[in-house]
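**Q** Got start31.csv for you, CSV, N, CA and C atoms:
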```csv
chain,number,residue,atom,x,y,z
A,1,MET,N,72.7,134.5,156.7
A,1,MET,CA,71.4,135.0,156.1
A,1,MET,C,70.5,135.5,157.2
A,2,GLY,N,71.0,136.5,157.9
A,2,GLY,CA,70.2,137.0,159.0
A,2,GLY,C,69.9,136.0,160.1
A,3,GLU,N,68.7,135.7,160.4
A,3,GLU,CA,68.3,134.8,161.4
A,3,GLU,C,68.1,133.4,160.9
A,4,SER,N,68.3,133.2,159.6
A,4,SER,CA,68.1,131.8,159.0
A,4,SER,C,69.4,131.2,158.7
A,5,VAL,N,69.4,129.9,158.6
A,5,VAL,CA,70.6,129.1,158.2
A,5,VAL,C,70.8,129.3,156.7
A,6,ALA,N,72.0,129.6,156.3
A,6,ALA,CA,72.3,129.8,154.9
A,6,ALA,C,72.0,128.5,154.1
A,7,PRO,N,71.5,128.7,152.9
A,7,PRO,CA,71.2,127.5,152.1
A,7,PRO,C,72.4,126.7,151.6
A,8,CYS,N,73.6,127.3,151.7
A,8,CYS,CA,74.8,126.6,151.2
A,8,CYS,C,76.0,126.9,152.1
A,9,PHE,N,76.6,125.9,152.7
A,9,PHE,CA,77.8,126.0,153.5
A,9,PHE,C,78.9,126.8,152.9
A,10,GLU,N,79.2,126.5,151.6
A,10,GLU,CA,80.4,127.0,150.9
A,10,GLU,C,80.3,128.5,150.7
A,11,TYR,N,79.0,129.1,150.7
A,11,TYR,CA,78.9,130.5,150.3
A,11,TYR,C,78.3,131.4,151.4
A,12,CYS,N,78.1,130.9,152.6
A,12,CYS,CA,77.6,131.7,153.6
A,12,CYS,C,78.6,132.8,154.0
A,13,ALA,N,78.1,134.0,154.4
A,13,ALA,CA,78.9,135.1,154.7
A,13,ALA,C,79.4,135.2,156.1
A,14,THR,N,78.6,134.5,157.0
A,14,THR,CA,78.9,134.6,158.4
A,14,THR,C,78.7,133.2,159.0
A,15,MET,N,79.5,132.8,160.0
A,15,MET,CA,79.3,131.6,160.7
A,15,MET,C,79.0,131.9,162.2
A,16,ALA,N,78.0,131.4,162.7
A,16,ALA,CA,77.7,131.6,164.2
A,16,ALA,C,78.2,130.3,164.9
A,17,ILE,N,79.0,130.5,165.9
A,17,ILE,CA,79.5,129.4,166.7
A,17,ILE,C,79.0,129.5,168.1
A,18,PHE,N,78.3,128.5,168.5
A,18,PHE,CA,77.6,128.5,169.8
A,18,PHE,C,78.4,127.5,170.8
A,19,THR,N,78.5,128.0,172.0
A,19,THR,CA,79.1,127.1,173.1
A,19,THR,C,77.9,126.6,173.8
A,20,VAL,N,77.8,125.3,174.0
A,20,VAL,CA,76.7,124.6,174.7
A,20,VAL,C,77.3,123.9,175.9
A,21,ALA,N,76.7,124.1,177.1
A,21,ALA,CA,77.0,123.4,178.3
A,21,ALA,C,75.8,123.1,179.1
A,22,GLY,N,75.6,121.9,179.5
A,22,GLY,CA,74.5,121.5,180.3
A,22,GLY,C,73.2,121.7,179.6
A,23,GLY,N,73.2,121.5,178.3
A,23,GLY,CA,72.0,121.6,177.5
A,23,GLY,C,71.5,123.0,177.2
A,24,THR,N,72.3,124.0,177.4
A,24,THR,CA,71.9,125.4,177.1
A,24,THR,C,73.1,126.1,176.4
A,25,VAL,N,72.7,127.1,175.7
A,25,VAL,CA,73.7,127.9,175.0
A,25,VAL,C,74.3,128.9,176.0
A,26,THR,N,75.6,128.9,176.2
A,26,THR,CA,76.3,129.7,177.1
A,26,THR,C,77.0,130.9,176.4
A,27,ASP,N,77.3,130.8,175.1
A,27,ASP,CA,78.0,131.8,174.4
A,27,ASP,C,77.7,131.7,172.9
A,28,GLN,N,77.9,132.8,172.2
A,28,GLN,CA,77.7,132.8,170.7
A,28,GLN,C,78.8,133.8,170.2
A,29,ILE,N,79.5,133.3,169.2
A,29,ILE,CA,80.4,134.2,168.5
A,29,ILE,C,80.1,134.1,167.0
A,30,ASP,N,80.0,135.3,166.4
A,30,ASP,CA,79.7,135.4,164.9
A,30,ASP,C,81.0,135.7,164.2
A,31,PHE,N,81.3,134.9,163.2
A,31,PHE,CA,82.5,135.1,162.4
A,31,PHE,C,82.2,135.5,161.0
A,32,PRO,N,82.5,136.8,160.6
A,32,PRO,CA,82.3,137.1,159.2
A,32,PRO,C,83.4,136.4,158.4
A,33,LEU,N,83.0,135.8,157.3
A,33,LEU,CA,83.9,135.0,156.5
A,33,LEU,C,84.4,135.8,155.3
A,34,SER,N,85.7,136.0,155.2
A,34,SER,CA,86.2,136.7,154.0
A,34,SER,C,86.6,135.7,152.9
A,35,SER,N,86.9,134.5,153.3
A,35,SER,CA,87.3,133.5,152.2
A,35,SER,C,86.2,132.7,151.8
A,36,GLN,N,86.1,132.4,150.5
A,36,GLN,CA,85.0,131.5,150.0
A,36,GLN,C,85.6,130.0,150.0
A,37,ASP,N,86.8,129.8,150.4
A,37,ASP,CA,87.5,128.5,150.3
A,37,ASP,C,86.9,127.7,151.5
A,38,PRO,N,86.2,126.6,151.1
A,38,PRO,CA,85.6,125.7,152.2
A,38,PRO,C,86.7,125.2,153.1
A,39,PHE,N,87.9,125.0,152.6
A,39,PHE,CA,89.0,124.4,153.5
A,39,PHE,C,89.4,125.5,154.5
A,40,ASP,N,89.3,126.8,154.2
A,40,ASP,CA,89.6,127.8,155.2
A,40,ASP,C,88.5,127.7,156.3
A,41,ARG,N,87.3,127.4,155.9
A,41,ARG,CA,86.2,127.2,156.9
A,41,ARG,C,86.4,126.0,157.8
A,42,VAL,N,86.9,124.9,157.2
A,42,VAL,CA,87.3,123.8,158.0
A,42,VAL,C,88.3,124.1,159.1
A,43,ARG,N,89.3,124.9,158.6
A,43,ARG,CA,90.4,125.3,159.6
A,43,ARG,C,89.8,126.2,160.7
A,44,LEU,N,89.0,127.1,160.3
A,44,LEU,CA,88.3,128.0,161.3
A,44,LEU,C,87.6,127.1,162.3
A,45,LEU,N,86.8,126.2,161.8
A,45,LEU,CA,86.0,125.4,162.7
A,45,LEU,C,86.9,124.5,163.6
A,46,ARG,N,87.9,124.0,163.1
A,46,ARG,CA,88.9,123.2,163.9
A,46,ARG,C,89.5,124.1,165.0
A,47,ASP,N,90.0,125.3,164.6
A,47,ASP,CA,90.6,126.2,165.5
A,47,ASP,C,89.7,126.7,166.6
A,48,GLN,N,88.4,126.7,166.3
A,48,GLN,CA,87.4,127.1,167.3
A,48,GLN,C,86.9,126.0,168.1
A,49,GLN,N,87.4,124.8,167.9
A,49,GLN,CA,87.1,123.5,168.6
A,49,GLN,C,85.6,123.2,168.5
A,50,VAL,N,85.1,123.4,167.3
A,50,VAL,CA,83.7,123.1,167.0
A,50,VAL,C,83.6,121.5,166.8
A,51,ASP,N,82.5,120.9,167.3
A,51,ASP,CA,82.4,119.5,167.1
A,51,ASP,C,81.2,119.1,166.2
A,52,THR,N,80.2,120.0,166.1
A,52,THR,CA,79.0,119.8,165.3
A,52,THR,C,78.7,120.9,164.4
A,53,ILE,N,78.4,120.6,163.1
A,53,ILE,CA,78.1,121.7,162.1
A,53,ILE,C,76.6,121.5,161.7
A,54,ILE,N,75.9,122.5,161.8
A,54,ILE,CA,74.5,122.5,161.3
A,54,ILE,C,74.4,123.5,160.2
A,55,CYS,N,74.0,123.0,159.0
A,55,CYS,CA,74.0,123.8,157.8
A,55,CYS,C,72.9,123.5,156.8
A,56,GLY,N,72.7,124.4,155.9
A,56,GLY,CA,71.8,124.1,154.7
A,56,GLY,C,72.6,123.1,153.8
A,57,GLY,N,72.4,123.3,152.5
A,57,GLY,CA,73.1,122.4,151.6
A,57,GLY,C,74.6,122.5,151.7
A,58,MET,N,75.2,121.4,151.2
A,58,MET,CA,76.7,121.3,151.2
A,58,MET,C,77.1,120.3,150.1
A,59,GLN,N,78.1,120.7,149.4
A,59,GLN,CA,78.6,119.7,148.4
A,59,GLN,C,79.1,118.5,149.1
A,60,GLY,N,78.9,117.3,148.5
A,60,GLY,CA,79.2,116.0,149.1
A,60,GLY,C,80.7,115.9,149.5
A,61,MET,N,81.6,116.5,148.6
A,61,MET,CA,83.0,116.4,148.9
A,61,MET,C,83.3,117.1,150.2
A,62,TYR,N,82.7,118.3,150.4
A,62,TYR,CA,83.0,119.0,151.7
A,62,TYR,C,82.4,118.4,152.9
A,63,GLU,N,81.3,117.8,152.7
A,63,GLU,CA,80.7,117.1,153.9
A,63,GLU,C,81.6,115.9,154.2
A,64,ASP,N,82.1,115.2,153.2
A,64,ASP,CA,83.0,114.1,153.5
A,64,ASP,C,84.3,114.6,154.2
A,65,VAL,N,84.8,115.7,153.7
A,65,VAL,CA,86.0,116.3,154.4
A,65,VAL,C,85.8,116.6,155.8
A,66,LEU,N,84.6,117.2,156.1
A,66,LEU,CA,84.3,117.6,157.5
A,66,LEU,C,84.1,116.3,158.3
A,67,ARG,N,83.4,115.3,157.8
A,67,ARG,CA,83.2,114.1,158.6
A,67,ARG,C,84.5,113.4,158.9
A,68,THR,N,85.4,113.3,157.9
A,68,THR,CA,86.7,112.6,158.1
A,68,THR,C,87.6,113.4,159.0
A,69,SER,N,87.3,114.7,159.1
A,69,SER,CA,88.1,115.5,160.0
A,69,SER,C,87.5,115.5,161.4
A,70,GLY,N,86.5,114.7,161.6
A,70,GLY,CA,86.0,114.5,163.0
A,70,GLY,C,84.8,115.3,163.4
A,71,PHE,N,84.2,116.0,162.4
A,71,PHE,CA,83.0,116.8,162.7
A,71,PHE,C,81.8,116.0,162.6
A,72,ARG,N,80.8,116.2,163.4
A,72,ARG,CA,79.4,115.7,163.2
A,72,ARG,C,78.7,116.7,162.3
A,73,VAL,N,78.1,116.3,161.2
A,73,VAL,CA,77.5,117.2,160.3
A,73,VAL,C,76.0,116.9,160.2
A,74,ILE,N,75.2,117.9,160.5
A,74,ILE,CA,73.7,117.9,160.3
A,74,ILE,C,73.4,118.8,159.2
A,75,SER,N,73.3,118.3,158.0
A,75,SER,CA,73.1,119.1,156.8
A,75,SER,C,71.7,119.0,156.2
A,76,TRP,N,71.5,119.9,155.2
A,76,TRP,CA,70.2,120.0,154.5
A,76,TRP,C,69.1,120.3,155.4
A,77,VAL,N,69.3,121.2,156.3
A,77,VAL,CA,68.2,121.7,157.2
A,77,VAL,C,68.0,123.1,156.8
A,78,SER,N,66.8,123.6,157.1
A,78,SER,CA,66.5,125.0,156.8
A,78,SER,C,65.6,125.5,157.9
A,79,GLY,N,65.6,126.8,158.1
A,79,GLY,CA,64.8,127.5,159.1
A,79,GLY,C,65.6,128.5,159.9
A,80,SER,N,64.9,129.0,160.9
A,80,SER,CA,65.6,130.0,161.8
A,80,SER,C,66.7,129.3,162.6
A,81,VAL,N,67.7,130.0,162.9
A,81,VAL,CA,68.8,129.5,163.7
A,81,VAL,C,68.3,129.1,165.1
A,82,ASP,N,67.4,130.0,165.7
A,82,ASP,CA,66.9,129.7,167.0
A,82,ASP,C,66.1,128.4,167.0
A,83,HIS,N,65.2,128.2,166.0
A,83,HIS,CA,64.4,127.0,166.0
A,83,HIS,C,65.3,125.7,165.8
A,84,LEU,N,66.3,125.8,164.9
A,84,LEU,CA,67.2,124.6,164.7
A,84,LEU,C,68.0,124.4,165.9
A,85,LEU,N,68.5,125.4,166.5
A,85,LEU,CA,69.3,125.2,167.7
A,85,LEU,C,68.5,124.6,168.9
A,86,ALA,N,67.2,125.0,169.0
A,86,ALA,CA,66.3,124.4,170.0
A,86,ALA,C,66.1,122.9,169.7
A,87,LEU,N,65.9,122.6,168.5
A,87,LEU,CA,65.8,121.2,168.1
A,87,LEU,C,67.0,120.4,168.4
A,88,PHE,N,68.2,121.0,168.1
A,88,PHE,CA,69.5,120.3,168.4
A,88,PHE,C,69.7,120.1,169.9
A,89,LEU,N,69.3,121.1,170.7
A,89,LEU,CA,69.5,121.0,172.1
A,89,LEU,C,68.6,119.9,172.7
A,90,ARG,N,67.5,119.7,172.1
A,90,ARG,CA,66.5,118.6,172.5
A,90,ARG,C,66.9,117.2,171.9
A,91,GLY,N,67.9,117.2,171.1
A,91,GLY,CA,68.3,115.9,170.4
A,91,GLY,C,67.3,115.5,169.3
A,92,GLN,N,66.6,116.5,168.7
A,92,GLN,CA,65.6,116.2,167.7
A,92,GLN,C,66.0,116.7,166.3
A,93,LEU,N,67.1,117.3,166.2
A,93,LEU,CA,67.5,117.8,164.8
A,93,LEU,C,68.2,116.7,164.1
A,94,VAL,N,67.7,116.4,162.9
A,94,VAL,CA,68.3,115.4,162.0
A,94,VAL,C,68.6,115.9,160.6
A,95,PRO,N,69.5,115.3,159.9
A,95,PRO,CA,69.8,115.8,158.5
A,95,PRO,C,68.5,115.8,157.7
A,96,GLY,N,68.4,116.8,156.8
A,96,GLY,CA,67.3,116.8,155.9
A,96,GLY,C,67.1,115.6,155.0
A,97,ARG,N,65.9,115.3,154.7
A,97,ARG,CA,65.6,114.1,153.8
A,97,ARG,C,65.9,114.4,152.4
A,98,ASP,N,65.9,115.6,152.0
A,98,ASP,CA,66.1,115.9,150.5
A,98,ASP,C,67.6,116.1,150.1
A,99,ARG,N,68.5,115.7,151.0
A,99,ARG,CA,69.9,115.9,150.6
A,99,ARG,C,70.2,114.8,149.6
A,100,PRO,N,71.2,115.1,148.7
A,100,PRO,CA,71.6,114.1,147.7
A,100,PRO,C,72.0,112.8,148.3
A,101,GLY,N,71.5,111.7,147.8
A,101,GLY,CA,71.9,110.4,148.3
A,101,GLY,C,71.1,109.9,149.5
A,102,ALA,N,70.2,110.8,150.1
A,102,ALA,CA,69.5,110.4,151.3
A,102,ALA,C,68.4,109.4,150.9
A,103,ALA,N,67.9,108.7,151.9
A,103,ALA,CA,66.8,107.8,151.7
A,103,ALA,C,65.6,108.6,151.2
A,104,GLY,N,64.9,108.1,150.2
A,104,GLY,CA,63.7,108.8,149.8
A,104,GLY,C,64.0,109.7,148.6
A,105,THR,N,65.3,109.9,148.2
A,105,THR,CA,65.5,110.7,147.0
A,105,THR,C,65.6,109.7,145.9
A,106,HIS,N,65.5,110.3,144.7
A,106,HIS,CA,65.5,109.4,143.5
A,106,HIS,C,66.7,109.5,142.7
A,107,LEU,N,67.8,109.1,143.3
A,107,LEU,CA,69.1,109.1,142.5
A,107,LEU,C,69.3,107.7,142.0
A,108,PRO,N,69.9,107.6,140.8
A,108,PRO,CA,70.1,106.2,140.2
A,108,PRO,C,71.0,105.4,141.0
A,109,ARG,N,70.8,104.1,141.1
A,109,ARG,CA,71.6,103.2,141.8
A,109,ARG,C,72.7,102.7,140.9
A,110,THR,N,73.8,102.4,141.4
A,110,THR,CA,74.9,101.8,140.6
A,110,THR,C,75.2,100.4,141.3
A,111,ASN,N,75.5,99.5,140.4
A,111,ASN,CA,75.8,98.1,140.9
A,111,ASN,C,77.3,98.0,140.8
A,112,SER,N,78.0,97.7,141.9
A,112,SER,CA,79.4,97.5,141.9
A,112,SER,C,79.8,96.2,141.4
A,113,ARG,N,78.9,95.2,141.3
A,113,ARG,CA,79.3,93.9,140.7
A,113,ARG,C,79.3,94.0,139.3
A,114,GLN,N,80.3,93.4,138.7
A,114,GLN,CA,80.3,93.3,137.2
A,114,GLN,C,79.8,92.0,136.8
A,115,GLU,N,78.9,92.0,135.8
A,115,GLU,CA,78.3,90.8,135.3
A,115,GLU,C,79.2,90.3,134.1
A,116,HIS,N,79.5,89.0,134.0
A,116,HIS,CA,80.3,88.5,133.0
A,116,HIS,C,79.4,87.7,132.0
```
For the structure just supplied, provide its representation as structure tokens.

**A**
Amino acid sequence: MGESVAPCFEYCATMAIFTVAGGTVTDQIDFPLSSQDPFDRVRLLRDQQVDTIICGGMQGMYEDVLRTSGFRVISWVSGSVDHLLALFLRGQLVPGRDRPGAAGTHLPRTNSRQEH
């Protein structure tokens, strides 16, 4: 979405992959995405040796797949790529508070204990 992080991982048209060394960005590659299949995106990220994903919203299933595949995921963030990348480089970028299931959201709780 231009210079802003796309609001949804599964539907973004381009992925920017940054190489970071010594606390600075040393390279950037932009990948136009032809497939809408999130699993194709996981393969691309793995092939490019990405370790951290910064994105807007993401379906919980895909975030789980990414995490179990070894990726660090910082989701439910919004803003310009430059601003979010600067926060990340300073160690100040955290997942958004409004993501489903996050502390402070109002999702119903379920009790796993069964009462007899």

**Q** For atom C of Val25 in chain A and atom N of Asp64 in chain A, determine how far apart the two atoms are, in Å to one decimal place.

**A**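 Calculated distance between atom C of Val25 in chain A and atom N of Asp64 in chain A is 27.7 Å.
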
**Q** Which value, in Å to one decimal, gives the distance between atom C of Ser78 in chain A and CA of Ser4 in chain A?

**A** 6.9 Å

**Q** So how far away is CA of Pro7 in chain A from CA of Gln36 in chain A, in Å?

**A**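 The value is 14.5 Å.
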
**Q** Can you pull out every residue within 6 Å of Ile29 in chain A, counting only N, CA and C atoms, but drop anything in the same chain fewer than 6 positions away, and send it as a PyMOL selection string?

**A** chain A and resi 15-18

**Q** Quick check for you: according to DSSP on this backbone, which residues of range 12-100 of chain A are classed as strand (DSSP E)? Reply as a PyMOL selection string.

**A** chain A and resi 14-21+24-32+52-54+72-74

**Q** Write the residues of the selection above to a file with N, CA and C atoms, as a CSV table (one decimal), in the frame of the given file.

**A**
```
chain,number,residue,atom,x,y,z
A,14,THR,N,78.6,134.5,157.0
A,14,THR,CA,78.9,134.6,158.4
A,14,THR,C,78.7,133.2,159.0
A,15,MET,N,79.5,132.8,160.0
A,15,MET,CA,79.3,131.6,160.7
A,15,MET,C,79.0,131.9,162.2
A,16,ALA,N,78.0,131.4,162.7
A,16,ALA,CA,77.7,131.6,164.2
A,16,ALA,C,78.2,130.3,164.9
A,17,ILE,N,79.0,130.5,165.9
A,17,ILE,CA,79.5,129.4,166.7
A,17,ILE,C,79.0,129.5,168.1
A,18,PHE,N,78.3,128.5,168.5
A,18,PHE,CA,77.6,128.5,169.8
A,18,PHE,C,78.4,127.5,170.8
A,19,THR,N,78.5,128.0,172.0
A,19,THR,CA,79.1,127.1,173.1
A,19,THR,C,77.9,126.6,173.8
A,20,VAL,N,77.8,125.3,174.0
A,20,VAL,CA,76.7,124.6,174.7
A,20,VAL,C,77.3,123.9,175.9
A,21,ALA,N,76.7,124.1,177.1
A,21,ALA,CA,77.0,123.4,178.3
A,21,ALA,C,75.8,123.1,179.1
A,24,THR,N,72.3,124.0,177.4
A,24,THR,CA,71.9,125.4,177.1
A,24,THR,C,73.1,126.1,176.4
A,25,VAL,N,72.7,127.1,175.7
A,25,VAL,CA,73.7,127.9,175.0
A,25,VAL,C,74.3,128.9,176.0
A,26,THR,N,75.6,128.9,176.2
A,26,THR,CA,76.3,129.7,177.1
A,26,THR,C,77.0,130.9,176.4
A,27,ASP,N,77.3,130.8,175.1
A,27,ASP,CA,78.0,131.8,174.4
A,27,ASP,C,77.7,131.7,172.9
A,28,GLN,N,77.9,132.8,172.2
A,28,GLN,CA,77.7,132.8,170.7
A,28,GLN,C,78.8,133.8,170.2
A,29,ILE,N,79.5,133.3,169.2
A,29,ILE,CA,80.4,134.2,168.5
A,29,ILE,C,80.1,134.1,167.0
A,30,ASP,N,80.0,135.3,166.4
A,30,ASP,CA,79.7,135.4,164.9
A,30,ASP,C,81.0,135.7,164.2
A,31,PHE,N,81.3,134.9,163.2
A,31,PHE,CA,82.5,135.1,162.4
A,31,PHE,C,82.2,135.5,161.0
A,32,PRO,N,82.5,136.8,160.6
A,32,PRO,CA,82.3,137.1,159.2
A,32,PRO,C,83.4,136.4,158.4
A,52,THR,N,80.2,120.0,166.1
A,52,THR,CA,79.0,119.8,165.3
A,52,THR,C,78.7,120.9,164.4
A,53,ILE,N,78.4,120.6,163.1
A,53,ILE,CA,78.1,121.7,162.1
A,53,ILE,C,76.6,121.5,161.7
A,54,ILE,N,75.9,122.5,161.8
A,54,ILE,CA,74.5,122.5,161.3
A,54,ILE,C,74.4,123.5,160.2
A,72,ARG,N,80.8,116.2,163.4
A,72,ARG,CA,79.4,115.7,163.2
A,72,ARG,C,78.7,116.7,162.3
A,73,VAL,N,78.1,116.3,161.2
A,73,VAL,CA,77.5,117.2,160.3
A,73,VAL,C,76.0,116.9,160.2
A,74,ILE,N,75.2,117.9,160.5
A,74,ILE,CA,73.7,117.9,160.3
A,74,ILE,C,73.4,118.8,159.2
```

**Q** I'd like the contact shell of Val42 in chain A - 8 Å cut-off, all atoms listed in the file, skipping same-chain residues fewer than 6 positions apart - returned as a VMD selection string.

**A** chain A and resid 48 65 to 66

**Q** For Ser35 in chain A, please output as a list in words all residues within 8 Å (counting all atoms listed in the file; exclusion window: fewer than 4 positions along the same chain).

**A**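 Here the qualifying residues turn out to be Glu10, Tyr11, Cys12, Phe39, Asp40 and Arg41 of chain A.
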
**Q** Could you name the residues that touch Gly79 in chain A at 6 Å or less, counting all atoms listed in the file, but leaving out those on the same chain fewer than 3 positions away, as number ranges by chain?

**A** A: 3-5, 84

**Q** Restricting the calculation to all atoms listed in the file: of A:Pro38, A:Leu93, A:Val73, A:Thr68, which residue gets closest to Asp51 in chain A?

**A** A:Val73

**Q** Of the candidates A:Thr14, A:Ser75, A:Gln92, A:Thr19, which one gets nearest to Phe31 in chain A if we count all atoms listed in the file?

**A**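 Checking each candidate against Phe31 in chain A, we get A:Thr14 as the closest.
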
**Q** If we count only N, CA and C atoms and set the cut-off at 8 Å, which residues sit around Val50 in chain A, ignoring sequence neighbours fewer than 2 positions away in its own chain? Please answer as a ChimeraX atom specification.

**A** /A:17-18,44-48,52-53,70-72

**Q** Given only C-alpha atoms as the basis, pick out the residue of A:Gly60, A:Gly96, A:Gly91, A:Gly23 nearest to Trp76 in chain A.

**A**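 Nearest to Trp76 in chain A: A:Gly96.
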
**Q** As a PyMOL selection string, list the residues of chain A assigned to helix (DSSP H, G or I) by DSSP on the backbone atoms of this structure.

**A** chain A and resi 9-11+38-47+60-68+81-89

**Q** Please determine, counting only C-alpha atoms, which residue among A:Ala13, A:Val94, A:Val20, A:Cys55 has the shortest atom-to-atom distance to Ser80 in chain A.

**A**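 Looking at the shortest contact to Ser80 in chain A, the residue is A:Cys55.
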
**Q** Identify which of the residues A:Val77, A:Arg43, A:Ser34, A:Phe9 lies closest to Pro95 in chain A, counting only C-alpha atoms when measuring atom-to-atom distances.

**A** A:Val77

**Q** I'd like to know which of A:Cys8, A:Pro32, A:Asp27, A:His83 is closest to Gln59 in chain A, using only N, CA and C atoms.

**A** A:Cys8
